Amino acid sequence: MATLEGRAGGKGGGNAEIPFIAPGHTPASVTEAISEVVTQKTPKWWYAGFGVAFLLVNVLLMSITWLLVKGTGVWGNNVPVAWAFPIINFVWWIGIGHAGTLISAILLLLRQDWRTSINRFAEAMTLFAVACAGIYPILHVGRPWLAYWLTPYPNTMGLWPQFRSPLVWDVFAVTTYAIVSALFWYTGLIPDLATLRDRSTNRFAQVVYGFGAMGWRGTAKHWHNYETAYLLLAGLATPLVISVHTVVSFDFSVAQLPGWHATIFPPYFVAGAIFAGFAMVLTLTIPLRSLFNLKDFITDRHLANMAKILLLTGLIVLYGYIMEGFFAWFSGHHDEGFMMWNRITGPYRYQWWALILCNGLIPQLLWLRKVRHTPWMLFLVAMVVNVGMWLERFVIIVTSLTRDFLVSSWGSFSPTIWDWGLFVGTIGLFMALLFLFLRFLPMISIFEMRTMVPEAKLDRSKTAGEPSQGAS
Amino acid sequence: MTTLEETSPRPDHASSPRKGLDLATVRQRLQDAQGPQYWRSLEELAGSEGFQEMLHREFPRFAAEWPSEENGNAGNGVSRRGFLELAAASLALAGLTACTSQPAETIVPFVRQPENYIPGHPLYYATAIELAGTALGLLAESHLGRPTKLEGNPEHPASLGATDAVAQASVLSLYDPDRSQTQTYLGKISSWEDLAAEIRASLPALEALAGDGLRILTRTVSSPTLAAQLTALEERFPKARWHQYEPCGDHAARAAARSSFGQPVSTRFDFSRADVVLALDADFLTSGPGAVRYAKDFSKRRRAGLAEDGPQGMNRLYVAESSPSNTGATADHRLALAPSELLRFTAALATELHVSGAQAPGELSQPAREWITAVAADLTAHRGTSVVIPGVYAAPQVHLLAQAINAALGNVGSTVIHSEPSGERDEDQLESIGQLVADMRAGKVDTLLILDGNPAYDAPAEFDFAATMLAQVKTRIHLSLYRDETSEYCQWHIPAAHFLESWSDCRAFDGTASLVQPLIEPLHGGRTAHEVIALFSDITDATAHELVRQYWQDQGLDEARWRQALHDGVIADTAATAITVEVSQAAVSEACSQTATVSGLELCLRPDPSVFDGRFANNAWLQELPKSLTKLTWDNAFLISPATAEEYGLKTEDLVEVRLGERKVVGPVWIMPGQAERAITAHLGYGRTHAGRVGNGAGFDAYALFTTSAVSGGVQLAATGATYPLSSTQQHFAVELQSSEADARHLVRHADYETYQRQPDFAQHMGHHAPGPEESMFPPWEYKGYAWGLAVDLNTCTGCNACVTACQSENNIPVVGKEQVGNGREMHWIRIDRYYQGGLEDPDVHFQPVMCMHCEQAPCEVVCPVAATTHSSEGLNEMTYNRCVGTRYCSNNCPYKVRRFNFLSYTDHDTDLLAMARNPDVTVRSRGVMEKCSYCVQRINHARIEAKKKDRPIRDGEIQTACQQACPADALVFGDINDADSAVSQSKASPLNYALLGDLGTRPRTTYLAKVTNPNPALVRGQPAHDGGHG
């Protein structure tokens, strides 16, 4: 689909007119514009934004402290709703963490050069989202100090983890994803760190960036090694985009609970994750490109392309919802049928209907070109999807658990202030990390953007359709 | 302010004749104890002046004790300095009392081990618990001198090895840290010797007055020794009087006996011979005298009716009642009738059965009329093998008419046995306490000795007992387990010994006497009523043991028989013999004439199924025990019918004001399916103010509506607009949806007797197909040794909760409190699910005990990431607490939701006293760990060791799980399913056997026997029981 985009742009008549980089840029002006964000004096709004984020990080720390002091019971979890907010938030964050790798790896392999201006940012977002997600499974267990027992390590107890449990698979999937994403992001940063090192006037910054640049001098040999490593990492990361959320979906589909036990879960979850990830990228990109005057590099065409991916994955997710209903009917099992009926009419029906509205209906606005090309409209749709994806996990987890097999054990769930505290706290952590990233690292890949300026394109016009041999 | 002046004189230690705690001893003990460092500072404190002063005073929480005048701050209570003194000293005092309560530590190992004193090897002693004048025989399990668990005594006629929830929970009361720990006079610590001296000093004067002004108030006394002591006291002091008052006693039965038979008569029933039973507001299977035995007999007869070659057919139970009870839920036919309707119904039935003297009452509803025809025919067809049993709390007229009907049906002598009352003195207790109050008002009472009762809380409201006593009685002495509401109004408070600390005796429902023997020295120096009464006799220093021994010596119990009686738990041949009595025709016609229609709502006050009359309010196991029908914990409520709720626009949890005459109480309502339309039921025993930390503030005090008046009609109900949260363990909304879903899922499989006879395996044809091991790709695991399994008979389960408390006691299960229960975090390993079927007005009720199913293909095991829950070679699903990290995935994947998670640190690790109550064979769980039913694996292993020592296999029946052992209905059968001859294998071979949610392929080891009811075809056709309407 994304591959088609480059060509279809011409036919559509609209996109062709909007290039992926505003006219008039030279490699020097690109470098200037992007690195200026880092080297300039800290803007006032940054302090305000980081201040808010910092406060929320303190909420996170308080929530964690209270949790460790008192126990899991500070949350609203109970029996039957043994999993609730922490797992909802874990899956939500992990889902958000999918866009970065997809953009970096899959779009790279698919030679979608429009990814260049958003990949760095999206990768950073991925890392931070995975960091936020990673907090939850550890804190979620009853005895967090023993959470390392889920990892296979030689020990005096002579015990391995129980490998049949999807939670063990989760440990592997999420840690692998976190490691590969971090490596990928860092590898991509090296040439730009060198640029910042060279442009810094302050000795401290020079040392720090220089340390990070690992002695990058931009020789052909360096570029060659870099390109190979980057491509290999992209190859490694690609299956992970699929595997992580597939494994996360196993947490549910391996269990036999009505509403969890469905074969549609892996593809449906992966699509949902990309859906959520792109929504989050849009949510962050639209205000940031204005704040940093980067509309030249993140153009409306980028936004429109992302909107199309949002629409596509949204349709897959909607298909998933429809299939859940179909399976419930087709299974012929009373409990499955009741599960679906309960979602629609039960005590959590508002959440279900809101979910359908947020993830199923409102994204259909993206069929309209006007919506795709109006940043504020796109922003609203993306926000709605962010909420919708959170609701999706709420519906799957809470609604299914509150009404399972034995009628006597039906329960209900209501979150406590500490549930919210931890959730808001991770949003704060995410924001704080993002603000630090924006302030100290180039949010757009400078060297890759340089390859996007018209002169670079012209040079390689004979190889059109196979662009992006990196920045050599 | 008279209260304050009366009870709080200035503490004047210089002139005080009483000596406080012996400081030298305390200090010596502290030095010997070699405790941790902090004792040293306490020691210093103990020497200080402030501390000495404090030792003479009562706990600071006794507000009346705080000087209010001296600091010129009248009305504002205590001064800051005073408060700090109190606070500091109370801290120290708490340490001291805890110190003295510990058994002396022996640091030298035994040179010669006492016989049978083997660590890890519990000993069992026979004793008995008394409740409202009837005894239940127990075997107490003792680990190195501390009782930890109570079981029924198989030799005791009221128990036959089973128990009830209250008996199971009573072991917790023994170790209750809130129990009164010190004797006090005017709030100051005093000693037993002080009291003895005071009483001895008053005896000459009392003798001169022939005991005038001395009154003794007890609960119903079934102890022959105590009764003899009290009688002797009355003989010595002819003008002294002994009153009995039991708020929830069998007053109606006694009153009816007096008016119909002209003499005190106690009636018991034999359900093992009864083919047709009609219960008139009688919850005879779970409450009242003999309930455990009745449940045992009834269930035995029920099971016999299911046997293929059973000659007797199935028995049939009709229940007419105002508020749904466990017995009503077990019934084959149930009719909801408000109390006045029930009385008319009984009169009409008596008339139908041609009881002489009976006359038909006024109007009766259509269903009631149909019932009368059908039930009368059924009873007539089973002359001599039927029972009409009136409820303990039904009106005296119902009792009278029921006995007349029994006599007319020829049941007396076969299923109904009249005998001399088992209580030692029969009197109209309401009249007796009324007399006492009248005398108090008249100033005729100088000294009131209250032995183990709480009249300030539970006396009928119109007496205003506490205030009257305070104003009119000079000397007030109170013996009780807790410093309760009554203690607050008495100068003398004597901590009572718990029955597990006491020597005594008591009588069962059939008159059989049992000896109560102590399992442990009184933890807090508690005293028995025997010792207190002995102070008024010649031998003032007699111990309870000597008194009881002496009494039975006088009854001809020689040493050998005494020892035998102690061992057996019953004194042979003491059951009351049957007597022949005639029903007075005049009394019958009088009863029939008192059946006027009552307009408006009628109030039924009943003892609470958990905390009874309030005496168990501080027992956390009972507070958290979900009441069978409502599944309500930690609270009582006004139970109203759905029709009343609709009429007044009320929802469950709405706060209402209930008004009866000029008395009113505010409490939450609970919409009770099956409640008689015009009846409001409230349970007594809540709203305690001085119960202790557990019981204070739980629920509302319905005693405010409790009077001696027979009038219960004309109740006014008014919504207050406020709500009050109630914590129940089963959701109370969407009841109809829950019923229809439970039905559609075939959770409780049931059919009527006719269907069962036609198709005995009906249960196999309900629900989705349950795949067996042959449908798996993998060969089934082969169990070469034992394979443990459990069968639950839904036919006999009455939902009485004995198993729940037994499990709690056996497995060290913590309580979590009201808020946590409301949050769905109760910890019970076994729960009793309750399902409704049919309309809200009069639904069928089904109980289903659910504990870990020990699935062959356990969904929990696969998903645990750390292998903390695994399968044993004998098929047990085992929890390894130490390995559990608490992901809770197992709970999500458990279709039976039997896993319980320690969301917070629920176990009290700090209170030493509570630690003594725990079973040393079961791990105490910490926060963040999952737990669940283990099939009492500690008992399995115990039996395995015993069997190995003797080189034999474990015998069938050798292992009884705690739930099974407690069950009065024998509804639970545990054993080896590899042994085809075991009881459990035979149960599981029944065509009724089915697996709960078997279609999931879990292949549970716990299976259920489908329920078969035996409705009367004459009543089914018209379906009156399900219309539920009244007129």
# chains A, B, ... in the order shown; residues from 1 in each chain; ligands from 1

call {"tool": "interface_residues", "arguments": {"of": "chain B", "to": "chain A", "cutoff": "6 Å", "atoms": "only C-alpha atoms", "output": "number ranges by chain"}}
result
B: 730, 742, 824-825, 833, 862-867, 885-888, 893, 895, 903-904, 928

call {"tool": "write_last_selection", "arguments": {"atoms": "C-alpha atoms", "output": "JSON list (two decimals), in the first residue's frame"}}
result
[["chain", "number", "residue", "atom", "x", "y", "z"],
["B", 730, "GLN", "CA", -22.09, -12.50, 44.86],
["B", 742, "ALA", "CA", -26.96, -19.90, 35.32],
["B", 824, "GLY", "CA", -14.16, -8.82, 45.30],
["B", 825, "ARG", "CA", -11.12, -9.88, 47.28],
["B", 833, "ASP", "CA", -22.65, -20.29, 45.14],
["B", 862, "VAL", "CA", -0.34, -23.97, 31.64],
["B", 863, "VAL", "CA", -0.30, -20.24, 32.06],
["B", 864, "CYS", "CA", 1.79, -19.86, 35.20],
["B", 865, "PRO", "CA", 5.13, -18.50, 33.99],
["B", 866, "VAL", "CA", 7.10, -19.70, 36.99],
["B", 867, "ALA", "CA", 5.61, -23.16, 37.55],
["B", 885, "VAL", "CA", 5.35, -14.17, 41.92],
["B", 886, "GLY", "CA", 1.69, -13.20, 41.57],
["B", 887, "THR", "CA", 0.98, -12.67, 37.88],
["B", 888, "ARG", "CA", -2.63, -13.73, 38.56],
["B", 893, "ASN", "CA", -7.74, -18.67, 33.26],
["B", 895, "PRO", "CA", -13.08, -21.03, 34.78],
["B", 903, "PHE", "CA", -3.81, -8.33, 47.10],
["B", 904, "LEU", "CA", -2.58, -6.82, 50.32],
["B", 928, "GLY", "CA", 1.34, -10.93, 46.49]]

call {"tool": "residues_around", "arguments": {"residues": "B:Cys963", "least_positions_apart": "5", "cutoff": "6 Å", "atoms": "only C-alpha atoms", "output": "PyMOL selection string"}}
result
chain B and resi 803+806-807

call {"tool": "residues_around", "arguments": {"residues": "A:Phe278", "least_positions_apart": "2", "cutoff": "12 Å", "atoms": "only C-alpha atoms", "output": "MDAnalysis selection string"}}
result
chainID A and resid 95:103 118:119 121:123 125:126 271:276 280:286 302:314 378:379 381:383 385:386 389

call {"tool": "write_last_selection", "arguments": {"atoms": "N, CA and C atoms", "output": "short mmCIF file (atom, residue, chain, number, x, y, z; two decimals), in the first residue's frame"}}
result
data_model
loop_
_atom_site.label_atom_id
_atom_site.label_comp_id
_atom_site.auth_asym_id
_atom_site.auth_seq_id
_atom_site.Cartn_x
_atom_site.Cartn_y
_atom_site.Cartn_z
N GLY A 95 1.54 -1.29 21.95
CA GLY A 95 0.95 -1.04 20.64
C GLY A 95 1.49 0.24 20.04
N ILE A 96 1.53 1.27 20.87
CA ILE A 96 2.05 2.56 20.41
C ILE A 96 3.49 2.40 19.96
N GLY A 97 4.18 1.53 20.64
CA GLY A 97 5.58 1.31 20.31
C GLY A 97 5.80 0.57 19.01
N HIS A 98 4.76 0.36 18.26
CA HIS A 98 4.94 -0.37 17.02
C HIS A 98 5.23 0.49 15.81
N ALA A 99 4.82 1.73 15.88
CA ALA A 99 4.95 2.57 14.69
C ALA A 99 6.41 2.78 14.33
N GLY A 100 7.24 3.02 15.33
CA GLY A 100 8.62 3.37 15.08
C GLY A 100 9.32 2.32 14.25
N THR A 101 9.24 1.10 14.70
CA THR A 101 9.97 0.06 14.00
C THR A 101 9.37 -0.20 12.63
N LEU A 102 8.05 -0.10 12.58
CA LEU A 102 7.42 -0.30 11.28
C LEU A 102 7.93 0.75 10.30
N ILE A 103 7.95 1.99 10.73
CA ILE A 103 8.38 3.07 9.85
C ILE A 103 9.85 2.89 9.49
N ILE A 118 10.26 11.18 9.36
CA ILE A 118 9.56 10.85 10.62
C ILE A 118 10.18 9.67 11.35
N ASN A 119 11.15 8.97 10.71
CA ASN A 119 11.57 7.72 11.33
C ASN A 119 12.29 7.92 12.66
N PHE A 121 12.08 10.25 14.84
CA PHE A 121 11.12 10.65 15.84
C PHE A 121 10.25 9.46 16.27
N ALA A 122 9.80 8.73 15.27
CA ALA A 122 8.93 7.59 15.56
C ALA A 122 9.69 6.51 16.33
N GLU A 123 10.97 6.34 15.97
CA GLU A 123 11.75 5.33 16.69
C GLU A 123 11.94 5.73 18.15
N MET A 125 9.99 7.57 19.85
CA MET A 125 8.69 7.38 20.48
C MET A 125 8.49 5.90 20.83
N THR A 126 8.90 5.04 19.91
CA THR A 126 8.79 3.60 20.16
C THR A 126 9.55 3.20 21.41
N ALA A 271 -2.38 -5.39 13.70
CA ALA A 271 -2.96 -4.25 12.99
C ALA A 271 -3.32 -3.15 13.98
N GLY A 272 -3.88 -3.56 15.12
CA GLY A 272 -4.26 -2.59 16.14
C GLY A 272 -3.05 -1.82 16.64
N ALA A 273 -1.93 -2.54 16.76
CA ALA A 273 -0.73 -1.89 17.26
C ALA A 273 -0.23 -0.85 16.27
N ILE A 274 -0.22 -1.19 14.99
CA ILE A 274 0.25 -0.23 13.99
C ILE A 274 -0.69 0.96 13.93
N PHE A 275 -1.95 0.63 14.02
CA PHE A 275 -3.00 1.65 14.07
C PHE A 275 -2.72 2.63 15.21
N ALA A 276 -2.50 2.07 16.39
CA ALA A 276 -2.25 2.90 17.57
C ALA A 276 -0.96 3.67 17.42
N MET A 280 -0.40 7.71 17.36
CA MET A 280 0.43 8.45 18.31
C MET A 280 1.47 9.30 17.57
N VAL A 281 2.06 8.75 16.49
CA VAL A 281 3.02 9.54 15.72
C VAL A 281 2.35 10.82 15.21
N LEU A 282 1.14 10.66 14.69
CA LEU A 282 0.42 11.83 14.19
C LEU A 282 0.13 12.82 15.32
N THR A 283 -0.31 12.25 16.44
CA THR A 283 -0.65 13.10 17.58
C THR A 283 0.54 13.97 17.98
N LEU A 284 1.73 13.39 17.93
CA LEU A 284 2.90 14.14 18.37
C LEU A 284 3.47 15.01 17.26
N THR A 285 3.45 14.49 16.02
CA THR A 285 4.08 15.20 14.91
C THR A 285 3.38 16.52 14.61
N ILE A 286 2.08 16.48 14.58
CA ILE A 286 1.33 17.65 14.13
C ILE A 286 1.64 18.89 14.97
N HIS A 302 3.38 13.95 4.16
CA HIS A 302 3.72 12.94 5.16
C HIS A 302 2.52 12.58 6.02
N LEU A 303 1.86 13.64 6.44
CA LEU A 303 0.70 13.41 7.29
C LEU A 303 -0.36 12.60 6.55
N ALA A 304 -0.56 12.95 5.31
CA ALA A 304 -1.58 12.25 4.52
C ALA A 304 -1.22 10.79 4.35
N ASN A 305 0.07 10.53 4.12
CA ASN A 305 0.48 9.13 3.98
C ASN A 305 0.21 8.35 5.26
N MET A 306 0.55 8.99 6.37
CA MET A 306 0.31 8.30 7.64
C MET A 306 -1.18 8.10 7.85
N ALA A 307 -1.97 9.06 7.44
CA ALA A 307 -3.42 8.94 7.57
C ALA A 307 -3.93 7.74 6.79
N LYS A 308 -3.30 7.48 5.65
CA LYS A 308 -3.75 6.34 4.85
C LYS A 308 -3.42 5.02 5.56
N ILE A 309 -2.25 4.97 6.15
CA ILE A 309 -1.91 3.75 6.91
C ILE A 309 -2.89 3.59 8.08
N LEU A 310 -3.20 4.71 8.69
CA LEU A 310 -4.17 4.69 9.80
C LEU A 310 -5.50 4.12 9.32
N LEU A 311 -5.92 4.57 8.17
CA LEU A 311 -7.20 4.11 7.64
C LEU A 311 -7.15 2.61 7.36
N LEU A 312 -6.06 2.17 6.73
CA LEU A 312 -5.95 0.76 6.37
C LEU A 312 -5.97 -0.11 7.63
N THR A 313 -5.09 0.21 8.58
CA THR A 313 -5.03 -0.63 9.78
C THR A 313 -6.33 -0.52 10.57
N GLY A 314 -6.94 0.64 10.53
CA GLY A 314 -8.23 0.81 11.19
C GLY A 314 -9.28 -0.13 10.62
N LEU A 378 -6.87 15.89 11.28
CA LEU A 378 -6.11 14.66 11.41
C LEU A 378 -5.70 14.44 12.87
N PHE A 379 -5.33 15.53 13.50
CA PHE A 379 -4.93 15.46 14.89
C PHE A 379 -6.09 14.93 15.76
N VAL A 381 -8.64 13.14 14.78
CA VAL A 381 -8.91 11.72 14.49
C VAL A 381 -7.88 10.85 15.20
N ALA A 382 -6.61 11.29 15.15
CA ALA A 382 -5.56 10.50 15.79
C ALA A 382 -5.79 10.42 17.31
N MET A 383 -6.21 11.52 17.89
CA MET A 383 -6.50 11.53 19.33
C MET A 383 -7.60 10.52 19.66
N VAL A 385 -8.35 7.94 18.00
CA VAL A 385 -7.86 6.57 17.86
C VAL A 385 -7.03 6.18 19.10
N ASN A 386 -6.26 7.12 19.61
CA ASN A 386 -5.51 6.83 20.84
C ASN A 386 -6.44 6.37 21.96
N MET A 389 -8.04 2.92 21.09
CA MET A 389 -7.20 1.74 21.28
C MET A 389 -7.06 1.40 22.76
#

call {"tool": "select_by_dssp", "arguments": {"residues": "stretch 247-471 of chain A", "states": "helix (DSSP H, G or I)", "output": "ChimeraX atom specification"}}
result
/A:247-253,265-291,300-330,334-345,349-367,369-372,375-402,407-409,417-440,446-450,454-459,461-463

call {"tool": "residues_around", "arguments": {"residues": "B:Val445", "least_positions_apart": "2", "cutoff": "6 Å", "atoms": "only C-alpha atoms", "output": "list in words"}}
result
Gly213, Met440, Gly443, Thr447 and Val473 of chain B

call {"tool": "atom_distance", "arguments": {"atom1": "atom CA of B:Glu115", "atom2": "atom CA of B:Leu500"}}
result
21.4 Å
